Amino acid sequence: MISPADGVISSIESHERHPDLDAPGIVIRIFLSVLDVHVNRWPCHGEVTLNRHVPGKHHDARSDRCHMENEHNLVMLRRSDQKMVGVRQIAGLIARRIVCPVSIADQAEAGQIYGMIKFGSSTELILPDPELVGVQVEVGQRVRGGETVLATLPMNEKTAG
């Protein structure tokens, strides 16, 4: 799983039940300052199964409330092994415009640009199967979109096609 954005890892959270997966998951959150490139890139290959915009507030992207209350756009990808991976673009205090012109059934290629958040914001990588995820980054680490490996999530060989 490569980084979907340039920025700094602001948190790594494990969830017993993540609402977007309806299953256990890990969230790796990236803070993008106004000096970072604000394009978003696909973290892996897959097919778009959901593109959902949710209106909300515009707290500072560094706020603890940002990821819970701010306007955001969630895209879910289905890998060839049927595992679901999410990428969430979160607007911030200054960044109030999310661009995500993707459609259901679009094919994602790892590292390819798919959207952007204008100015300062956060981007989340949402991964299933926490017991299989190998997190490769730590809080405070600077990452580059389309280049830095954030985590590994092995393919399920029985269902990969």
# chains A, B, ... in the order shown; residues from 1 in each chain; ligands from 1

$ select_by_dssp --residues "segment 46-127 of chain A" --states "helix (DSSP H, G or I)" --output "count of residues only"
4

$ residues_around --residues "Leu127 of chain A" --least-positions-apart "4" --cutoff "6 Å" --atoms "only C-alpha atoms" --output "list in words"
Gly25, Ile26 and Val85 of chain A

$ closest_residue --among "A:Asn73, A:Ser63, A:Asn40, A:Ser80" --to "Ile2 of chain A" --atoms "only C-alpha atoms"
A:Asn40

$ residues_around --residues "Ser103 of chain A" --least-positions-apart "5" --cutoff "8 Å" --atoms "only C-alpha atoms" --output "list of chain:residue names"
A:Val48, A:Leu50, A:Asn51

$ residues_around --residues "Met76 of chain A" --least-positions-apart "3" --cutoff "9 Å" --atoms "only C-alpha atoms" --output "list in words"
Asp20, Leu21, Glu47, Val48, Thr49, Leu50, Asn51, Arg52, Met84, Val85, Gly86, Val87, Arg88 and Ile126 of chain A

$ residues_around --residues "Trp42 of chain A" --least-positions-apart "6" --cutoff "9 Å" --atoms "only C-alpha atoms" --output "list in words"
Met1, Ile2, Ser3, Pro4, Ala5, Val87, Ala108, Glu109, Ala110, Gly111, Gln112, Ile113, Tyr114, Gly145 and Gly146 of chain A

$ atom_distance --atom1 "atom CA of Leu35 of chain A" --atom2 "atom CA of Thr152 of chain A"
27.9 Å

$ atom_distance --atom1 "atom CA of Asp106 of chain A" --atom2 "atom CA of Thr123 of chain A"
20.1 Å
